[in-house]
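A.B. asks: Input file: coords22.pdb. Contents: PDB, C-alpha atoms and all ligand atoms.
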```
ATOM      1  CA  LYS P   1       0.000   0.000   0.000  1.00  0.00           C
ATOM      2  CA  PRO P   2       1.397   3.436  -0.926  1.00  0.00           C
ATOM      3  CA  GLU P   3       2.978   5.491   1.868  1.00  0.00           C
ATOM      4  CA  HIS P   4       0.690   8.464   1.433  1.00  0.00           C
ATOM      5  CA  VAL P   5      -2.589   6.608   1.901  1.00  0.00           C
ATOM      6  CA  ARG P   6      -3.891   7.308   5.388  1.00  0.00           C
ATOM      7  CA  THR P   7      -5.867   4.745   7.309  1.00  0.00           C
ATOM      8  CA  TYR P   8      -8.883   5.681   9.389  1.00  0.00           C
ATOM      9  CA  ARG P   9     -10.823   3.422  11.714  1.00  0.00           C
ATOM     10  CA  VAL P  10     -14.606   3.688  11.783  1.00  0.00           C
ATOM     11  CA  ALA P  11     -16.775   2.032  14.430  1.00  0.00           C
ATOM     12  CA  LEU P  12     -20.200   1.207  12.948  1.00  0.00           C
ATOM     13  CA  LEU P  13     -22.689   0.755  15.743  1.00  0.00           C
ATOM     14  CA  GLY P  14     -26.330  -0.166  15.930  1.00  0.00           C
ATOM     15  CA  VAL P  15     -28.605  -2.935  17.129  1.00  0.00           C
ATOM     16  CA  PRO P  16     -29.119  -6.004  14.892  1.00  0.00           C
ATOM     17  CA  GLY P  17     -31.328  -5.448  11.871  1.00  0.00           C
ATOM     18  CA  VAL P  18     -30.757  -1.718  11.300  1.00  0.00           C
ATOM     19  CA  GLY P  19     -28.761  -2.459   8.114  1.00  0.00           C
ATOM     20  CA  LYS P  20     -25.096  -2.159   9.116  1.00  0.00           C
ATOM     21  CA  ASN P  21     -23.914  -4.997   6.866  1.00  0.00           C
ATOM     22  CA  ALA P  22     -26.181  -3.788   4.078  1.00  0.00           C
ATOM     23  CA  LEU P  23     -24.688  -0.296   4.381  1.00  0.00           C
ATOM     24  CA  VAL P  24     -21.065  -1.436   4.106  1.00  0.00           C
ATOM     25  CA  ASN P  25     -22.015  -3.658   1.156  1.00  0.00           C
ATOM     26  CA  GLN P  26     -23.624  -0.651  -0.515  1.00  0.00           C
ATOM     27  CA  PHE P  27     -20.496   1.454   0.146  1.00  0.00           C
ATOM     28  CA  MET P  28     -18.542  -1.099  -1.877  1.00  0.00           C
ATOM     29  CA  THR P  29     -20.573  -0.279  -4.993  1.00  0.00           C
ATOM     30  CA  SER P  30     -19.753   3.433  -4.723  1.00  0.00           C
ATOM     31  CA  GLU P  31     -17.803   5.145  -7.493  1.00  0.00           C
ATOM     32  CA  CYS P  32     -15.436   6.490  -4.811  1.00  0.00           C
ATOM     33  CA  ILE P  33     -14.237   3.010  -3.960  1.00  0.00           C
ATOM     34  CA  ASN P  34     -10.838   2.095  -5.307  1.00  0.00           C
ATOM     35  CA  VAL P  35     -10.036  -1.153  -3.583  1.00  0.00           C
ATOM     36  CA  TYR P  36     -12.081  -3.403  -1.425  1.00  0.00           C
ATOM     37  CA  GLU P  37     -10.113  -5.784   0.723  1.00  0.00           C
ATOM     38  CA  ARG P  38     -11.361  -8.979   2.228  1.00  0.00           C
ATOM     39  CA  SER P  39     -13.032  -8.670   5.550  1.00  0.00           C
ATOM     40  CA  GLN P  40     -11.351 -10.109   8.581  1.00  0.00           C
ATOM     41  CA  SER P  41     -12.763 -11.342  11.819  1.00  0.00           C
ATOM     42  CA  THR P  42     -10.996  -9.775  14.758  1.00  0.00           C
ATOM     43  CA  GLU P  43     -10.155 -11.356  18.107  1.00  0.00           C
ATOM     44  CA  ASP P  44     -13.328 -10.145  19.757  1.00  0.00           C
ATOM     45  CA  SER P  45     -15.483 -11.596  16.940  1.00  0.00           C
ATOM     46  CA  SER P  46     -16.394  -8.217  15.490  1.00  0.00           C
ATOM     47  CA  LEU P  47     -15.881  -7.850  11.745  1.00  0.00           C
ATOM     48  CA  ASP P  48     -13.361  -5.528  10.083  1.00  0.00           C
ATOM     49  CA  ILE P  49     -13.909  -4.465   6.471  1.00  0.00           C
ATOM     50  CA  SER P  50     -11.357  -2.376   4.626  1.00  0.00           C
ATOM     51  CA  LEU P  51     -12.205  -0.010   1.733  1.00  0.00           C
ATOM     52  CA  ASN P  52      -9.990   2.420  -0.149  1.00  0.00           C
ATOM     53  CA  VAL P  53     -11.916   5.575  -0.957  1.00  0.00           C
ATOM     54  CA  VAL P  54     -11.053   8.591  -3.103  1.00  0.00           C
ATOM     55  CA  VAL P  55     -12.640  11.821  -1.869  1.00  0.00           C
ATOM     56  CA  ASN P  56     -11.620  15.232  -3.233  1.00  0.00           C
ATOM     57  CA  GLY P  57      -8.929  13.504  -5.246  1.00  0.00           C
ATOM     58  CA  ILE P  58      -7.229  12.101  -2.160  1.00  0.00           C
ATOM     59  CA  GLU P  59      -7.240   8.423  -1.357  1.00  0.00           C
ATOM     60  CA  CYS P  60      -7.610   7.003   2.116  1.00  0.00           C
ATOM     61  CA  GLU P  61      -8.326   3.630   3.632  1.00  0.00           C
ATOM     62  CA  LEU P  62     -11.385   3.172   5.821  1.00  0.00           C
ATOM     63  CA  VAL P  63     -11.470   0.212   8.155  1.00  0.00           C
ATOM     64  CA  PHE P  64     -14.998  -0.399   9.344  1.00  0.00           C
ATOM     65  CA  THR P  65     -15.559  -2.375  12.493  1.00  0.00           C
ATOM     66  CA  ILE P  66     -19.136  -3.553  12.727  1.00  0.00           C
ATOM     67  CA  VAL P  67     -19.708  -3.652  16.437  1.00  0.00           C
ATOM     68  CA  SER P  68     -21.806  -6.535  17.666  1.00  0.00           C
ATOM     69  CA  SER P  69     -24.775  -5.722  19.827  1.00  0.00           C
ATOM     70  CA  ALA P  70     -23.227  -7.465  22.822  1.00  0.00           C
ATOM     71  CA  LYS P  71     -20.318  -5.066  22.683  1.00  0.00           C
ATOM     72  CA  MET P  72     -22.664  -2.112  22.567  1.00  0.00           C
ATOM     73  CA  ASP P  73     -23.929  -3.030  26.012  1.00  0.00           C
ATOM     74  CA  ALA P  74     -22.455  -2.075  29.344  1.00  0.00           C
ATOM     75  CA  GLY P  75     -18.710  -1.697  29.280  1.00  0.00           C
ATOM     76  CA  ALA P  76     -18.631  -1.675  25.509  1.00  0.00           C
ATOM     77  CA  SER P  77     -17.231   1.797  25.176  1.00  0.00           C
ATOM     78  CA  ASP P  78     -14.484   1.162  27.707  1.00  0.00           C
ATOM     79  CA  CYS P  79     -12.204  -0.411  25.135  1.00  0.00           C
ATOM     80  CA  TRP P  80     -12.340   2.812  23.099  1.00  0.00           C
ATOM     81  CA  THR P  81     -10.893   4.954  25.844  1.00  0.00           C
ATOM     82  CA  GLN P  82      -7.578   3.208  25.140  1.00  0.00           C
ATOM     83  CA  ALA P  83      -7.643   3.381  21.344  1.00  0.00           C
ATOM     84  CA  PRO P  84     -10.662   5.314  20.092  1.00  0.00           C
ATOM     85  CA  PRO P  85     -11.654   4.996  16.431  1.00  0.00           C
ATOM     86  CA  ASP P  86     -11.356   8.009  14.114  1.00  0.00           C
ATOM     87  CA  ALA P  87     -15.104   8.068  13.605  1.00  0.00           C
ATOM     88  CA  PHE P  88     -18.353   6.716  14.988  1.00  0.00           C
ATOM     89  CA  LEU P  89     -21.213   5.840  12.651  1.00  0.00           C
ATOM     90  CA  LEU P  90     -24.298   5.383  14.806  1.00  0.00           C
ATOM     91  CA  GLN P  91     -27.009   3.648  12.827  1.00  0.00           C
ATOM     92  CA  TYR P  92     -30.671   3.120  13.637  1.00  0.00           C
ATOM     93  CA  SER P  93     -33.698   2.218  11.582  1.00  0.00           C
ATOM     94  CA  VAL P  94     -36.447   4.822  11.197  1.00  0.00           C
ATOM     95  CA  THR P  95     -38.886   1.900  11.494  1.00  0.00           C
ATOM     96  CA  ASP P  96     -37.557   0.839  14.898  1.00  0.00           C
ATOM     97  CA  LYS P  97     -37.920   3.280  17.783  1.00  0.00           C
ATOM     98  CA  GLY P  98     -35.975   0.928  20.056  1.00  0.00           C
ATOM     99  CA  SER P  99     -32.941   1.102  17.767  1.00  0.00           C
ATOM    100  CA  TRP P 100     -33.014   4.911  18.061  1.00  0.00           C
ATOM    101  CA  GLU P 101     -33.429   4.788  21.856  1.00  0.00           C
ATOM    102  CA  ARG P 102     -30.414   2.516  22.177  1.00  0.00           C
ATOM    103  CA  LEU P 103     -28.309   5.117  20.397  1.00  0.00           C
ATOM    104  CA  GLU P 104     -29.571   7.768  22.808  1.00  0.00           C
ATOM    105  CA  HIS P 105     -28.040   5.756  25.642  1.00  0.00           C
ATOM    106  CA  LEU P 106     -24.916   4.972  23.683  1.00  0.00           C
ATOM    107  CA  LEU P 107     -24.328   8.639  22.803  1.00  0.00           C
ATOM    108  CA  ALA P 108     -24.687   9.575  26.465  1.00  0.00           C
ATOM    109  CA  ARG P 109     -22.106   6.971  27.396  1.00  0.00           C
ATOM    110  CA  LEU P 110     -19.682   8.011  24.665  1.00  0.00           C
ATOM    111  CA  GLN P 111     -19.979  11.624  25.755  1.00  0.00           C
ATOM    112  CA  SER P 112     -19.479  10.769  29.423  1.00  0.00           C
ATOM    113  CA  ARG P 113     -16.206   9.108  28.436  1.00  0.00           C
ATOM    114  CA  ASP P 114     -15.261  12.174  26.392  1.00  0.00           C
ATOM    115  CA  LEU P 115     -15.134  10.136  23.183  1.00  0.00           C
ATOM    116  CA  LEU P 116     -17.198  12.512  21.047  1.00  0.00           C
ATOM    117  CA  ARG P 117     -15.116  15.662  21.454  1.00  0.00           C
ATOM    118  CA  ASN P 118     -13.008  16.474  18.386  1.00  0.00           C
ATOM    119  CA  ARG P 119     -14.055  13.263  16.678  1.00  0.00           C
ATOM    120  CA  ALA P 120     -16.188  12.572  13.614  1.00  0.00           C
ATOM    121  CA  ALA P 121     -19.566  11.156  14.594  1.00  0.00           C
ATOM    122  CA  ILE P 122     -22.575  10.729  12.337  1.00  0.00           C
ATOM    123  CA  LEU P 123     -26.059   9.642  13.361  1.00  0.00           C
ATOM    124  CA  VAL P 124     -27.600   7.614  10.519  1.00  0.00           C
ATOM    125  CA  GLY P 125     -31.326   6.899  10.177  1.00  0.00           C
ATOM    126  CA  ASN P 126     -31.779   4.058   7.688  1.00  0.00           C
ATOM    127  CA  LYS P 127     -34.771   2.539   5.830  1.00  0.00           C
ATOM    128  CA  THR P 128     -36.524   5.753   4.787  1.00  0.00           C
ATOM    129  CA  ASP P 129     -38.065   3.747   1.918  1.00  0.00           C
ATOM    130  CA  LEU P 130     -40.358   2.047   4.439  1.00  0.00           C
ATOM    131  CA  VAL P 131     -42.536   5.134   4.607  1.00  0.00           C
ATOM    132  CA  ARG P 132     -45.584   3.529   6.167  1.00  0.00           C
ATOM    133  CA  SER P 133     -43.642   1.795   8.941  1.00  0.00           C
ATOM    134  CA  ARG P 134     -41.779   4.909  10.026  1.00  0.00           C
ATOM    135  CA  ALA P 135     -41.594   5.163  13.830  1.00  0.00           C
ATOM    136  CA  VAL P 136     -38.827   7.759  14.249  1.00  0.00           C
ATOM    137  CA  SER P 137     -39.379  11.206  12.732  1.00  0.00           C
ATOM    138  CA  ASP P 138     -36.775  13.260  10.937  1.00  0.00           C
ATOM    139  CA  ALA P 139     -37.063  15.765  13.807  1.00  0.00           C
ATOM    140  CA  ASP P 140     -36.297  13.045  16.395  1.00  0.00           C
ATOM    141  CA  GLY P 141     -33.125  12.203  14.535  1.00  0.00           C
ATOM    142  CA  LYS P 142     -32.082  15.823  14.059  1.00  0.00           C
ATOM    143  CA  GLY P 143     -32.802  16.613  17.693  1.00  0.00           C
ATOM    144  CA  LEU P 144     -30.715  13.754  19.021  1.00  0.00           C
ATOM    145  CA  ALA P 145     -27.850  14.608  16.686  1.00  0.00           C
ATOM    146  CA  SER P 146     -27.840  18.268  17.604  1.00  0.00           C
ATOM    147  CA  SER P 147     -27.864  17.600  21.345  1.00  0.00           C
ATOM    148  CA  TYR P 148     -24.614  15.672  20.916  1.00  0.00           C
ATOM    149  CA  HIS P 149     -23.208  17.909  18.159  1.00  0.00           C
ATOM    150  CA  THR P 150     -23.014  15.039  15.700  1.00  0.00           C
ATOM    151  CA  LYS P 151     -23.877  15.124  12.025  1.00  0.00           C
ATOM    152  CA  PHE P 152     -27.163  13.591  10.922  1.00  0.00           C
ATOM    153  CA  VAL P 153     -28.370  11.934   7.756  1.00  0.00           C
ATOM    154  CA  GLU P 154     -31.353   9.822   6.771  1.00  0.00           C
ATOM    155  CA  ILE P 155     -30.633   7.156   4.178  1.00  0.00           C
ATOM    156  CA  SER P 156     -32.139   4.180   2.425  1.00  0.00           C
ATOM    157  CA  VAL P 157     -29.621   1.468   1.690  1.00  0.00           C
ATOM    158  CA  ALA P 158     -32.304  -0.410  -0.241  1.00  0.00           C
ATOM    159  CA  CYS P 159     -32.843   2.538  -2.623  1.00  0.00           C
ATOM    160  CA  ASN P 160     -29.202   3.653  -2.506  1.00  0.00           C
ATOM    161  CA  HIS P 161     -30.470   7.013  -1.282  1.00  0.00           C
ATOM    162  CA  ASN P 162     -27.873   9.303   0.379  1.00  0.00           C
ATOM    163  CA  VAL P 163     -25.400   6.422   0.740  1.00  0.00           C
ATOM    164  CA  ASP P 164     -22.666   8.037  -1.392  1.00  0.00           C
ATOM    165  CA  GLU P 165     -23.291  11.348   0.359  1.00  0.00           C
ATOM    166  CA  LEU P 166     -22.803   9.592   3.699  1.00  0.00           C
ATOM    167  CA  LEU P 167     -19.527   8.023   2.570  1.00  0.00           C
ATOM    168  CA  VAL P 168     -18.158  11.345   1.297  1.00  0.00           C
ATOM    169  CA  GLY P 169     -19.446  13.161   4.388  1.00  0.00           C
ATOM    170  CA  LEU P 170     -17.763  10.608   6.625  1.00  0.00           C
ATOM    171  CA  VAL P 171     -14.361  11.118   5.009  1.00  0.00           C
ATOM    172  CA  ASN P 172     -14.782  14.911   5.084  1.00  0.00           C
ATOM    173  CA  GLN P 173     -15.742  14.820   8.777  1.00  0.00           C
ATOM    174  CA  ILE P 174     -12.738  12.645   9.619  1.00  0.00           C
ATOM    175  CA  ARG P 175     -10.392  15.004   7.766  1.00  0.00           C
ATOM    176  CA  LEU P 176     -11.943  18.018   9.468  1.00  0.00           C
ATOM    177  CA  HIS P 177     -11.221  16.542  12.896  1.00  0.00           C
ATOM    178  CA  GLU P 178      -7.865  15.079  11.984  1.00  0.00           C
ATOM    179  CA  GLY P 179      -5.196  15.931  14.497  1.00  0.00           C
ATOM    180  CA  ALA P 180      -7.707  17.761  16.679  1.00  0.00           C
ATOM    181  CA  ALA P 181      -8.480  14.988  19.154  1.00  0.00           C
TER     182      ALA P 181
HETATM  183  P1  LIG X 201     -27.444  -5.465  10.589  1.00  0.00           P
HETATM  184  O1  LIG X 201     -27.847  -6.546  11.537  1.00  0.00           O
HETATM  185  O2  LIG X 201     -27.495  -4.115  11.236  1.00  0.00           O
HETATM  186  O3  LIG X 201     -26.127  -5.704   9.922  1.00  0.00           O
HETATM  187  O4  LIG X 201     -28.559  -5.418   9.464  1.00  0.00           O
HETATM  188  P2  LIG X 201     -28.541  -6.072   7.987  1.00  0.00           P
HETATM  189  O5  LIG X 201     -27.589  -5.341   7.110  1.00  0.00           O
HETATM  190  O6  LIG X 201     -28.348  -7.527   8.124  1.00  0.00           O
HETATM  191  O7  LIG X 201     -30.013  -5.739   7.502  1.00  0.00           O
HETATM  192  C1  LIG X 201     -31.135  -6.246   8.193  1.00  0.00           C
HETATM  193  C2  LIG X 201     -32.320  -6.342   7.264  1.00  0.00           C
HETATM  194  O8  LIG X 201     -32.759  -5.042   6.878  1.00  0.00           O
HETATM  195  C3  LIG X 201     -31.984  -7.066   5.960  1.00  0.00           C
HETATM  196  O9  LIG X 201     -33.087  -7.890   5.621  1.00  0.00           O
HETATM  197  C4  LIG X 201     -31.816  -5.944   4.971  1.00  0.00           C
HETATM  198  O10 LIG X 201     -32.119  -6.359   3.661  1.00  0.00           O
HETATM  199  C5  LIG X 201     -32.812  -4.931   5.472  1.00  0.00           C
HETATM  200  N1  LIG X 201     -32.471  -3.559   5.089  1.00  0.00           N
HETATM  201  C6  LIG X 201     -31.273  -2.920   5.247  1.00  0.00           C
HETATM  202  N2  LIG X 201     -31.335  -1.661   4.810  1.00  0.00           N
HETATM  203  C7  LIG X 201     -32.599  -1.462   4.366  1.00  0.00           C
HETATM  204  C8  LIG X 201     -33.273  -0.343   3.781  1.00  0.00           C
HETATM  205  O11 LIG X 201     -32.750   0.757   3.569  1.00  0.00           O
HETATM  206  N3  LIG X 201     -34.602  -0.533   3.484  1.00  0.00           N
HETATM  207  C9  LIG X 201     -35.231  -1.717   3.676  1.00  0.00           C
HETATM  208  N4  LIG X 201     -36.514  -1.799   3.324  1.00  0.00           N
HETATM  209  N5  LIG X 201     -34.618  -2.775   4.215  1.00  0.00           N
HETATM  210  C10 LIG X 201     -33.316  -2.668   4.549  1.00  0.00           C
END
```
Produce structure tokens that represent the structure in this file.
C.D. replies:
Amino acid sequence: KPEHVRTYRVALLGVPGVGKNALVNQFMTSECINVYERSQSTEDSSLDISLNVVVNGIECELVFTIVSSAKMDAGASDCWTQAPPDAFLLQYSVTDKGSWERLEHLLARLQSRDLLRNRAAILVGNKTDLVRSRAVSDADGKGLASSYHTKFVEISVACNHNVDELLVGLVNQIRLHEGAA
């Protein structure tokens, strides 16, 4: 891998079923993707997936760790105080109020451990295509994001809506915070 390509670690969090695996799979089809490396299971049974992305003409490597729901529970964020990721993607489904509520608790815990300051964090509401099953409003999402000063986006992985924008926004957010933490 070339010297100049920076590597960023992204923790992708959310309860089962919100579309975390679907999202990373959709990222792989993006025009920004240069190289997709094989995923690797890590020691703690979470999954690491590596993508090389070109944003604003500059390539970087994103290593996504899809965090299992067990790890999201009590004590989960403790491991990050040692080696925090460069970004948090916090994903819920707009059809599942419980998935949104879990992120409310998680955000509180991340903030109490000072893990959100000077770090890219994006709250992601997925499955906007399921209009009639919507249980979390756009305003709920925006409100939660603004109380923790995170970015916010609603997406539909199924319709490939806002997925590229999220990928580009993620890289831009990481670069904005780079060296600031
Ligand atoms: P994970 O457990 O968070 O990794 O969730 P998955 O990626 O396995 O997705 C769970 C289910 O939701 C699968 O059946 C997906 O096909 C479905 N799904 C994911 N994203 C969307 C979406 O944007 N819209 C709809 N309708 N279904 C989705």
A.B. asks: Tell me which residues the PyMOL selection byres (((not hetatm)) within 6 of (chain X and resi 201)) grabs here, as a list in words.
C.D. replies: Pro16, Gly17, Val18, Gly19, Lys20, Asn21, Ala22, Asn126, Lys127, Asp129, Leu130, Ser156, Val157 and Ala158 of chain P
A.B. asks: Convert the output of the PyMOL selection byres (((chain P and resi 30) around 10) and not hetatm) on the shown file into explicit residues, formatted as an MDAnalysis selection string.
C.D. replies: chainID P and resid 25:29 31:34 53 160 163:164 167
A.B. asks: Record the distance separating CA of Phe64 (chain P) and CA of Val94 (chain P), expressed in Å with one decimal.
C.D. replies: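 Between CA of Phe64 (chain P) and CA of Val94 (chain P) the gap is 22.2 Å.
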A.B. asks: Apply the PyMOL selection byres (((chain P and resi 99) around 10) and not hetatm) to the structure shown and report the selected residues as a PDB file with C-alpha atoms, in the frame of the given file.
C.D. replies:
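Listing of out_3.pdb after writing:
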```
ATOM      1  CA  GLY P  14     -26.330  -0.166  15.930  1.00  0.00           C
ATOM      2  CA  VAL P  15     -28.605  -2.935  17.129  1.00  0.00           C
ATOM      3  CA  PRO P  16     -29.119  -6.004  14.892  1.00  0.00           C
ATOM      4  CA  GLY P  17     -31.328  -5.448  11.871  1.00  0.00           C
ATOM      5  CA  VAL P  18     -30.757  -1.718  11.300  1.00  0.00           C
ATOM      6  CA  GLN P  91     -27.009   3.648  12.827  1.00  0.00           C
ATOM      7  CA  TYR P  92     -30.671   3.120  13.637  1.00  0.00           C
ATOM      8  CA  SER P  93     -33.698   2.218  11.582  1.00  0.00           C
ATOM      9  CA  VAL P  94     -36.447   4.822  11.197  1.00  0.00           C
ATOM     10  CA  THR P  95     -38.886   1.900  11.494  1.00  0.00           C
ATOM     11  CA  ASP P  96     -37.557   0.839  14.898  1.00  0.00           C
ATOM     12  CA  LYS P  97     -37.920   3.280  17.783  1.00  0.00           C
ATOM     13  CA  GLY P  98     -35.975   0.928  20.056  1.00  0.00           C
ATOM     14  CA  TRP P 100     -33.014   4.911  18.061  1.00  0.00           C
ATOM     15  CA  GLU P 101     -33.429   4.788  21.856  1.00  0.00           C
ATOM     16  CA  ARG P 102     -30.414   2.516  22.177  1.00  0.00           C
ATOM     17  CA  LEU P 103     -28.309   5.117  20.397  1.00  0.00           C
ATOM     18  CA  GLU P 104     -29.571   7.768  22.808  1.00  0.00           C
ATOM     19  CA  GLY P 125     -31.326   6.899  10.177  1.00  0.00           C
ATOM     20  CA  VAL P 136     -38.827   7.759  14.249  1.00  0.00           C
TER      21      VAL P 136
END
```
A.B. asks: Skip Arg117 (chain P) itself and residues of its chain fewer than 6 positions away, then list as a VMD selection string all residues within 12 Å of it, counting only C-alpha atoms.
C.D. replies: chain P and resid 84 86 to 88 107 110 to 111 148 to 150 177 to 178 180 to 181
A.B. asks: Restricting the calculation to only C-alpha atoms, which member of P:Ile58, P:Leu89, P:Leu23, P:Ile174 is positioned closest to His4 (chain P)?
C.D. replies: P:Ile58
A.B. asks: Can you list, as a PDB file with C-alpha atoms, keeping the file's coordinate frame, every protein, DNA or RNA residue that comes within 12 Å of Ile49 (chain P) when you count all atoms listed in the file, leaving out same-chain residues fewer than 2 positions away?
C.D. replies:
```pdb
ATOM      1  CA  TYR P   8      -8.883   5.681   9.389  1.00  0.00           C
ATOM      2  CA  ARG P   9     -10.823   3.422  11.714  1.00  0.00           C
ATOM      3  CA  VAL P  10     -14.606   3.688  11.783  1.00  0.00           C
ATOM      4  CA  ALA P  11     -16.775   2.032  14.430  1.00  0.00           C
ATOM      5  CA  LEU P  12     -20.200   1.207  12.948  1.00  0.00           C
ATOM      6  CA  LYS P  20     -25.096  -2.159   9.116  1.00  0.00           C
ATOM      7  CA  ASN P  21     -23.914  -4.997   6.866  1.00  0.00           C
ATOM      8  CA  LEU P  23     -24.688  -0.296   4.381  1.00  0.00           C
ATOM      9  CA  VAL P  24     -21.065  -1.436   4.106  1.00  0.00           C
ATOM     10  CA  ASN P  25     -22.015  -3.658   1.156  1.00  0.00           C
ATOM     11  CA  PHE P  27     -20.496   1.454   0.146  1.00  0.00           C
ATOM     12  CA  MET P  28     -18.542  -1.099  -1.877  1.00  0.00           C
ATOM     13  CA  VAL P  35     -10.036  -1.153  -3.583  1.00  0.00           C
ATOM     14  CA  TYR P  36     -12.081  -3.403  -1.425  1.00  0.00           C
ATOM     15  CA  GLU P  37     -10.113  -5.784   0.723  1.00  0.00           C
ATOM     16  CA  ARG P  38     -11.361  -8.979   2.228  1.00  0.00           C
ATOM     17  CA  SER P  39     -13.032  -8.670   5.550  1.00  0.00           C
ATOM     18  CA  GLN P  40     -11.351 -10.109   8.581  1.00  0.00           C
ATOM     19  CA  SER P  41     -12.763 -11.342  11.819  1.00  0.00           C
ATOM     20  CA  THR P  42     -10.996  -9.775  14.758  1.00  0.00           C
ATOM     21  CA  SER P  46     -16.394  -8.217  15.490  1.00  0.00           C
ATOM     22  CA  LEU P  47     -15.881  -7.850  11.745  1.00  0.00           C
ATOM     23  CA  LEU P  51     -12.205  -0.010   1.733  1.00  0.00           C
ATOM     24  CA  ASN P  52      -9.990   2.420  -0.149  1.00  0.00           C
ATOM     25  CA  GLU P  61      -8.326   3.630   3.632  1.00  0.00           C
ATOM     26  CA  LEU P  62     -11.385   3.172   5.821  1.00  0.00           C
ATOM     27  CA  VAL P  63     -11.470   0.212   8.155  1.00  0.00           C
ATOM     28  CA  PHE P  64     -14.998  -0.399   9.344  1.00  0.00           C
ATOM     29  CA  THR P  65     -15.559  -2.375  12.493  1.00  0.00           C
ATOM     30  CA  ILE P  66     -19.136  -3.553  12.727  1.00  0.00           C
ATOM     31  CA  VAL P  67     -19.708  -3.652  16.437  1.00  0.00           C
TER      32      VAL P  67
END
```
A.B. asks: Rounded to one decimal in Å, what is the spacing between CA of Asp140 (chain P) and CA of Asn162 (chain P)?
C.D. replies: 18.5 Å
A.B. asks: Would you compute the distance between CA of Glu165 (chain P) and CA of Ile122 (chain P)? Give it in Å to one decimal.
C.D. replies: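 Separating CA of Glu165 (chain P) from CA of Ile122 (chain P) is a distance of 12.0 Å.
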A.B. asks: Using all atoms listed in the file, pick whichever of P:Ser146, P:Gln173, P:Ser133, P:Thr81 has the shortest atom-to-atom distance to Asp114 (chain P).
C.D. replies: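 Comparing P:Ser146, P:Gln173, P:Ser133, P:Thr81 against Asp114 (chain P), the winner is P:Thr81.
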A.B. asks: Rank nothing, just name the residue among P:Cys159, P:Ala120, P:Val5, P:Glu154 nearest to Arg134 (chain P), using only C-alpha atoms.
C.D. replies: P:Glu154
A.B. asks: With 6 Å on each side, where is the centre of the axis-aligned box around all listed atoms of region 142-149 of chain P, and how long are its edges in Å to one decimal, as lines of an AutoDock Vina configuration file?
C.D. replies:
```
center_x = -28.0
center_y = 16.0
center_z = 17.7
size_x = 21.6
size_y = 16.5
size_z = 19.3
```
A.B. asks: Have a look at P:Leu123, P:Val54, P:Leu116, P:Val131 and name the one nearest to Gly143 (chain P); count all atoms listed in the file.
C.D. replies: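 The closest residue to Gly143 (chain P) is P:Leu123.
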